[in-house]
Amino acid sequence: GAVVSQHPSRVICKSGTSVKIECRSLDFQATTMFWYRQFPKQSLMLMATSNEGSKATYEQGVEKDKFLINHASLTLSTLTVTSAHPEDSSFYICSARSLIYGYTFGSGTRLTVV
Amino acid sequence: DAKTTQPTSMDCAEGRAANLPCNHSTISGNEYVYWYRQIHSQGPQYIIHGLKNNETNEMASLIITEDRKSSTLILPHATLRDTAVYYCIVRGNNAGNMLTFGGGTRLMVKP
């Protein structure tokens with residue numbers, strides 16, 4: 001079946017620094033990738049949708065200059081949290097969509113900003 | 001995409017069937033019902049989906065009412081590893097449609 005690899009699984013960073021999270025579809029090409037954020041005891045909230053080679057579409061309230069998304073190929077999307085602050089601490093999850101496999105999710109990245 | 005309503009939490013005894021309900025009274029004709037689950041600190045895992053007919057796979061069965069306004073996910077023999085949050089999602093099949101997650105049902109399987 002389809003596998004989406006998300007890396008790193010856990011990261012701790014200092015306030016003011018940037019963190020990059022990678023999302024790779026391992027054995028298929030993803031037409032679209034999605035980034036979600038999940039705070040403790042809450043549901044997943046969609047942050048942005050990205051298509052290969054074009055600019056990401058951000059959901060209302062998500063700062064595009066703070067959460068930089070690059071989708072350079074059909075198998076790789078990256079999310080960079082710039083100038084991270086403690087309130088950005090959360091569980092970030094990517095999802096890749098393909099015509100064959102539908103939606104496949106990564107295992108998530110737990111970001112802690114100290 | 002149509003909104004869904006699920007109970008916040010449910011308990012189930014290990015080895016018994018777990019029946020998780022979902023209401024989606026505003027579902028439209030071309031919208032599918034999807035079920036995902038999320039085990040603690042992991043990404044969501046696909047379980048099953050259907051349009052109007054009942055569906056079964058190795059993980060679960062999906063029963064959709066004739067008017068399609070509600071559905072039930074059935075885990076026939078729940079194990080402790082089935083403890084998770086279960087999300088019922090309704091969406092159309094257009095390429096651009098994302099998955100929108102509601103609150104889900106927190107299923108606790110007890111020994």
# chains A, B, ... in the order shown; residues from 1 in each chain; ligands from 1
>>> interface_residues(of="chain B", to="chain A", cutoff="9 Å", atoms="only C-alpha atoms", output="VMD selection string")
chain B and resid 41 to 46 95 to 96 98 to 104
>>> residues_around(residues="segment 24-40 of chain B", least_positions_apart="6", cutoff="7 Å", atoms="only C-alpha atoms", output="JSON, numbers by chain")
{"B": [2, 3, 4, 5, 46, 47, 48, 49, 50, 51, 69, 70, 83, 84, 85, 86, 87, 88, 89, 90, 91, 92, 93]}
>>> residues_around(residues="segment 62-73 of chain A", least_positions_apart="2", cutoff="10 Å", atoms="only C-alpha atoms", output="VMD selection string")
chain A and resid 18 to 24 29 to 35 46 to 60 75 to 84
>>> closest_residue(among="A:Gly61, A:Ala2, A:Thr17, A:Phe39", to="Glu87 of chain A", atoms="only C-alpha atoms")
A:Phe39
>>> select_by_dssp(residues="chain B", states="strand (DSSP E or B)", output="MDAnalysis selection string")
chainID B and resid 5 9:13 18:23 31:38 45:50 55:56 61:64 70:75 84:92 105:110
>>> atom_distance(atom1="atom CA of Ser61 of chain B", atom2="atom CA of Met10 of chain B")
17.7 Å
>>> residues_around(residues="Pro21 of chain B", least_positions_apart="6", cutoff="9 Å", atoms="only C-alpha atoms", output="list in words")
Thr5, Gln6, Pro7, Ser70, Ser71, Thr72, Leu73, Ile74, Cys88 and Thr105 of chain B
